[in-house]
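> Pasting a structure below so you can have a look.
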Amino acid sequence: MACFAKLVPSARGLLVFEAAVRSGSFTAAAREFNVTQPSISRSIAQLETDLGVALFTRGPTRLAPTAEGRDLYSAVREGFDGIEEVIRRIKRNGAAKPVVTLSLSSSLATHWFVPRLGAFNTRFPDVELRFELIAGVLRGPAETVDLATRILANDDTHYHHWPFSPEIIVPVCSPSYLSAHGRLIHVGTGEGHVLLHLSDDREQWLDAWGKVADRKTGRAKWLEFSDYAVVLQAAMNGEGVALGWLSNVSRALLQGTLVPASDRQVNTGRTHQLIAPRSRPLRPIVSDICAWMIAEMQVELKALHPMLRPGV
């Protein structure tokens with residue numbers, strides 16, 4: 001490289017020379033470098049002086065490289081092409097990884113997504129995830145995220161939406177709790193049982209418990225939490241019975257860390273959906289992640305089918 005620097009004192013001269021040959025005129029080369037035409041002429045003249053040969057034949061209306069100019073252009077162009085490819089590759093490799101923001105319930109993130117992070121990273125090694133978590137009932141807009149889980153009306157036009165999981169509720173507990181306390185009778189008083197409940201939107205969810213939720217006549221002990229992820233963790237720890245939304249407890253049911261606590265199964269007829277705001281472009285990587293999540297959920301739903309009553 002030291003010898004090259006002695007042969008050609010200014011690399012800029014080669015850049016100007018390449019542009020002049022490629023564009024066919026000093027004027028066009030000047031526009032490319034945002035300088036005057038005389039500046040280009042001086043750079044070419046200096047390069048010719050350094051090399052000791054004429055690189056162009058100049059006519060009143062035509063500029064053409066000499067034989068030496070053609071040889072130099074061929075070598076310079078080949079070198080520039082190789083340098084350009086390497087620089088592009090370096091920039092691609094050094095470019096920031098795509099960031100995808102997900103708006104999920106804290107329970108879905110904790111009990112469904114986190115156990116799949118290894119599989120996700122294998123499938124999407126260049127993606128960085130950001131989670132915006134909701135502790136209680138899924139609600140609120142999702143305009144500033146890439147992908148979210150919500151329950152929407154089918155005619156909602158603000159979002160792209162894809163079915164993720166039917167809203168099926170199954171009371172669940174740990175195997176050790178079931179062995180110690182027996183099955184929960186929903187038409188009974190619940191005596192001897194601990195009911196783990198999400199305090200958010202209490203009245204709507206009390207219906208899923210049945211008569212045992214009547215605190216005037218019931219004798220069960222209640223523990224309420226504002227975060228559904230904690231409700232499920234308490235159930236896994238053997239602290240009581242929780243209402244298990246299938247999309248959140250599917251993995252635990254298949255692994256046996258949670259089991260049905262009763263025969264009760266409630267299908268609300270609603271569907272948890274993956275949604276993406278129409279107000280921002282739907283990036284291909286977001287579509288791919290959406291398809292991956294749906295496929296993962298479908299595998300578990302199929303495996304859970306024998307546990308569900310017909311029609312649920």
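Naming scheme: A, B, ... for chains in displayed order of the structure tokens; residues 1 onward per chain; ligands 1 onward as shown.
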Find the residues around Ala229 in chain A up to 10 Å (only C-alpha atoms counted), leave out those fewer than 5 positions away in its own chain, and share them as an MDAnalysis selection string.
chainID A and resid 105:111 134:136 198 234 248
> Can you pull out the residues contacting range 301-308 of chain A? Cut-off 9 Å, using only C-alpha atoms, and skip same-chain residues under 4 positions away; I want them as a compact mmCIF listing (two decimals) with all heavy atoms, in the first residue's frame.

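The resulting file, out_19.txt, is reproduced below:
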```txt
# COMPACT_ATOMS: atom_id res chain seq x y z
N SER A 165 -56.36 -18.09 19.62
CA SER A 165 -56.85 -19.16 20.49
C SER A 165 -58.29 -18.88 20.89
O SER A 165 -58.63 -17.73 21.19
CB SER A 165 -55.98 -19.27 21.75
OG SER A 165 -56.53 -20.18 22.67
N LEU A 246 -57.23 -20.94 28.40
CA LEU A 246 -56.51 -21.98 27.67
C LEU A 246 -55.25 -21.46 26.99
O LEU A 246 -54.22 -22.14 26.96
CB LEU A 246 -57.44 -22.64 26.65
CG LEU A 246 -57.05 -24.05 26.19
CD1 LEU A 246 -57.06 -25.02 27.36
CD2 LEU A 246 -57.98 -24.53 25.09
N SER A 247 -55.31 -20.24 26.45
CA SER A 247 -54.14 -19.70 25.75
C SER A 247 -52.97 -19.49 26.70
O SER A 247 -51.82 -19.47 26.28
CB SER A 247 -54.50 -18.37 25.08
OG SER A 247 -55.00 -17.45 26.04
N SER A 250 -52.06 -23.65 28.39
CA SER A 250 -51.94 -24.80 27.49
C SER A 250 -50.66 -25.59 27.76
O SER A 250 -50.68 -26.82 27.88
CB SER A 250 -51.98 -24.34 26.03
OG SER A 250 -50.95 -23.39 25.76
N LEU A 253 -50.73 -27.42 31.17
CA LEU A 253 -51.61 -28.59 31.14
C LEU A 253 -50.93 -29.76 30.43
O LEU A 253 -51.02 -30.91 30.88
CB LEU A 253 -52.92 -28.24 30.44
CG LEU A 253 -53.91 -27.40 31.24
CD1 LEU A 253 -55.08 -26.98 30.35
CD2 LEU A 253 -54.44 -28.16 32.46
N LEU A 254 -50.25 -29.48 29.34
CA LEU A 254 -49.58 -30.55 28.60
C LEU A 254 -48.40 -31.12 29.38
O LEU A 254 -48.10 -32.31 29.31
CB LEU A 254 -49.11 -30.04 27.24
CG LEU A 254 -50.23 -29.75 26.23
CD1 LEU A 254 -49.67 -29.06 24.99
CD2 LEU A 254 -50.95 -31.04 25.83
N PRO A 260 -56.71 -30.03 35.37
CA PRO A 260 -58.07 -29.55 35.59
C PRO A 260 -58.49 -29.78 37.04
O PRO A 260 -58.30 -30.87 37.58
CB PRO A 260 -58.91 -30.37 34.61
CG PRO A 260 -57.93 -30.76 33.53
CD PRO A 260 -56.65 -30.99 34.24
N GLN A 265 -65.80 -26.51 32.15
CA GLN A 265 -65.10 -25.91 31.03
C GLN A 265 -66.04 -24.91 30.37
O GLN A 265 -67.17 -25.25 30.05
CB GLN A 265 -64.66 -26.97 30.00
CG GLN A 265 -63.65 -27.97 30.55
CD GLN A 265 -63.26 -29.03 29.55
OE1 GLN A 265 -63.70 -29.01 28.40
NE2 GLN A 265 -62.44 -29.98 29.97
N GLU A 296 -47.42 -22.36 16.64
CA GLU A 296 -47.08 -22.91 17.95
C GLU A 296 -48.34 -23.16 18.78
O GLU A 296 -48.47 -24.19 19.45
CB GLU A 296 -46.15 -21.94 18.69
CG GLU A 296 -44.75 -21.89 18.14
CD GLU A 296 -43.93 -23.11 18.52
OE1 GLU A 296 -43.91 -23.47 19.71
OE2 GLU A 296 -43.34 -23.71 17.61
N MET A 297 -49.27 -22.21 18.75
CA MET A 297 -50.51 -22.34 19.52
C MET A 297 -51.37 -23.48 18.99
O MET A 297 -51.97 -24.25 19.75
CB MET A 297 -51.30 -21.03 19.47
CG MET A 297 -52.53 -20.99 20.39
SD MET A 297 -52.09 -20.77 22.13
CE MET A 297 -52.39 -22.41 22.78
N VAL A 312 -66.68 -28.05 23.34
CA VAL A 312 -65.99 -26.93 23.97
C VAL A 312 -64.88 -26.43 23.06
O VAL A 312 -64.17 -27.22 22.48
CB VAL A 312 -65.39 -27.37 25.32
CG1 VAL A 312 -64.52 -26.26 25.91
CG2 VAL A 312 -66.50 -27.71 26.30
```
> Hey, what does DSSP flag as strand (DSSP E) within range 195-273 of chain A? Can you give it to me as a VMD selection string?
chain A and resid 195 to 198 221 to 225 241 to 245 259 to 260 266 to 273
> Let's see if you can do this: from backbone DSSP, list all alpha helix (DSSP H) residues in range 235-301 of chain A, as JSON, numbers by chain.
{"A": [235, 236, 246, 247, 248, 249, 250, 251, 252, 253, 254, 255, 284, 285, 286, 287, 288, 289, 290, 291, 292, 293, 294, 295, 296, 297, 298, 299, 300, 301]}
> Show me, as number ranges by chain, the residues that have an atom within 10 Å of Phe26 in chain A when counting only C-alpha atoms, minus same-chain residues fewer than 5 positions from it.
A: 16-17, 19-21, 31-32, 36-41, 44, 63
> Between A:Pro141, A:His161, A:Ala11, A:Val230, single out the one closest to Val76 in chain A, counting only C-alpha atoms.
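Once distances to Val76 in chain A are computed over only C-alpha atoms, the minimum belongs to A:Ala11.
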> Could you list, as a PyMOL selection string, every residue within 7 Å of Leu55 in chain A, counting only C-alpha atoms and ignoring same-chain residues fewer than 6 positions away?
chain A and resi 48+65-66+68-69
> Using N, CA, C and O atoms, can you export the residues from the last selection as a PDB file, in the first residue's frame?

```pdb
ATOM      1  N   GLU A  48      -2.723  12.552 -14.773  1.00  0.00           N
ATOM      2  CA  GLU A  48      -1.921  12.271 -15.969  1.00  0.00           C
ATOM      3  C   GLU A  48      -0.460  12.646 -15.734  1.00  0.00           C
ATOM      4  O   GLU A  48       0.461  11.934 -16.186  1.00  0.00           O
ATOM      5  N   PRO A  65     -11.276   7.785 -23.611  1.00  0.00           N
ATOM      6  CA  PRO A  65     -10.050   7.332 -22.946  1.00  0.00           C
ATOM      7  C   PRO A  65      -9.056   6.780 -23.960  1.00  0.00           C
ATOM      8  O   PRO A  65      -9.439   6.177 -24.963  1.00  0.00           O
ATOM      9  N   THR A  66      -7.800   6.995 -23.694  1.00  0.00           N
ATOM     10  CA  THR A  66      -6.742   6.408 -24.514  1.00  0.00           C
ATOM     11  C   THR A  66      -6.625   4.926 -24.168  1.00  0.00           C
ATOM     12  O   THR A  66      -7.326   4.409 -23.286  1.00  0.00           O
ATOM     13  N   GLU A  68      -4.154   3.542 -22.624  1.00  0.00           N
ATOM     14  CA  GLU A  68      -3.743   3.495 -21.225  1.00  0.00           C
ATOM     15  C   GLU A  68      -4.918   3.825 -20.293  1.00  0.00           C
ATOM     16  O   GLU A  68      -5.055   3.248 -19.215  1.00  0.00           O
ATOM     17  N   GLY A  69      -5.765   4.765 -20.739  1.00  0.00           N
ATOM     18  CA  GLY A  69      -6.936   5.125 -19.944  1.00  0.00           C
ATOM     19  C   GLY A  69      -7.905   3.959 -19.803  1.00  0.00           C
ATOM     20  O   GLY A  69      -8.478   3.733 -18.735  1.00  0.00           O
TER      21      GLY A  69
END
```
> Excluding Ala276 in chain A and any residue of its chain fewer than 3 positions from it, enumerate the residues within 7 Å of it, using only C-alpha atoms, and give them as an MDAnalysis selection string.
chainID A and resid 146:148 159:161
> Of the candidates A:Ile275, A:Ile185, A:Val127, A:Leu196, which one gets nearest to Ile294 in chain A if we count only C-alpha atoms?
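Using only C-alpha atoms, Ile294 in chain A sits closest to A:Ile275.
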> For Arg183 in chain A, which residue out of A:Ser279, A:Ser262, A:Ser199, A:Ser74 is the nearest one, using only C-alpha atoms?
A:Ser262
> Between A:Arg70, A:Arg58, A:Arg309, A:Arg42, which one has atoms that come closest to Arg22 in chain A, using only C-alpha atoms?
A:Arg70
> Could you list, as a list in words, every residue within 9 Å of Ala242 in chain A, counting only C-alpha atoms and ignoring same-chain residues fewer than 2 positions away?
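Answer for this query is Val170, Pro171, Val172, Cys173, Val194, Leu195, Leu196, His197, Leu198, Val231, Leu232, Ala234, Ala235, Gly240, Gly244 and Ala261 of chain A.
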> Can I get the selected residues back with C-alpha atoms, as a PDB file, in the first residue's frame?

```pdb
ATOM      1  CA  VAL A 170     -60.702 -24.350  32.596  1.00  0.00           C
ATOM      2  CA  PRO A 171     -60.311 -24.221  36.418  1.00  0.00           C
ATOM      3  CA  VAL A 172     -56.795 -25.505  37.158  1.00  0.00           C
ATOM      4  CA  CYS A 173     -54.591 -26.403  40.110  1.00  0.00           C
ATOM      5  CA  VAL A 194     -58.652 -21.735  48.124  1.00  0.00           C
ATOM      6  CA  LEU A 195     -59.783 -19.781  45.064  1.00  0.00           C
ATOM      7  CA  LEU A 196     -57.132 -17.731  43.292  1.00  0.00           C
ATOM      8  CA  HIS A 197     -58.716 -14.842  41.465  1.00  0.00           C
ATOM      9  CA  LEU A 198     -57.763 -11.841  39.334  1.00  0.00           C
ATOM     10  CA  VAL A 231     -52.461 -16.086  39.844  1.00  0.00           C
ATOM     11  CA  LEU A 232     -51.176 -18.912  37.644  1.00  0.00           C
ATOM     12  CA  ALA A 234     -49.694 -19.473  42.772  1.00  0.00           C
ATOM     13  CA  ALA A 235     -51.761 -22.287  41.266  1.00  0.00           C
ATOM     14  CA  GLY A 240     -55.281 -23.065  45.248  1.00  0.00           C
ATOM     15  CA  GLY A 244     -57.218 -21.048  33.527  1.00  0.00           C
ATOM     16  CA  ALA A 261     -59.455 -28.867  39.065  1.00  0.00           C
TER      17      ALA A 261
END
```
> If I take CA of Leu14 in chain A and CA of Leu47 in chain A, how far is one from the other in Å, to one decimal?
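Result for CA of Leu14 in chain A versus CA of Leu47 in chain A: 7.7 Å, one decimal.
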> Using only C-alpha atoms, which protein or nucleic acid residues come within 7 Å of Ser174 in chain A? Drop anything in the same chain fewer than 6 positions from it, and give the result as a VMD selection string.
chain A and resid 235 to 238 257 to 259
> Those same residues, written as a PDB file, in the first residue's frame with C-alpha atoms?

```pdb
ATOM      1  CA  ALA A 235     -51.761 -22.287  41.266  1.00  0.00           C
ATOM      2  CA  MET A 236     -48.609 -24.039  40.057  1.00  0.00           C
ATOM      3  CA  ASN A 237     -47.174 -23.708  43.569  1.00  0.00           C
ATOM      4  CA  GLY A 238     -50.142 -25.592  45.000  1.00  0.00           C
ATOM      5  CA  THR A 257     -47.658 -28.772  36.138  1.00  0.00           C
ATOM      6  CA  LEU A 258     -51.332 -27.786  36.107  1.00  0.00           C
ATOM      7  CA  VAL A 259     -54.310 -30.143  35.906  1.00  0.00           C
TER       8      VAL A 259
END
```
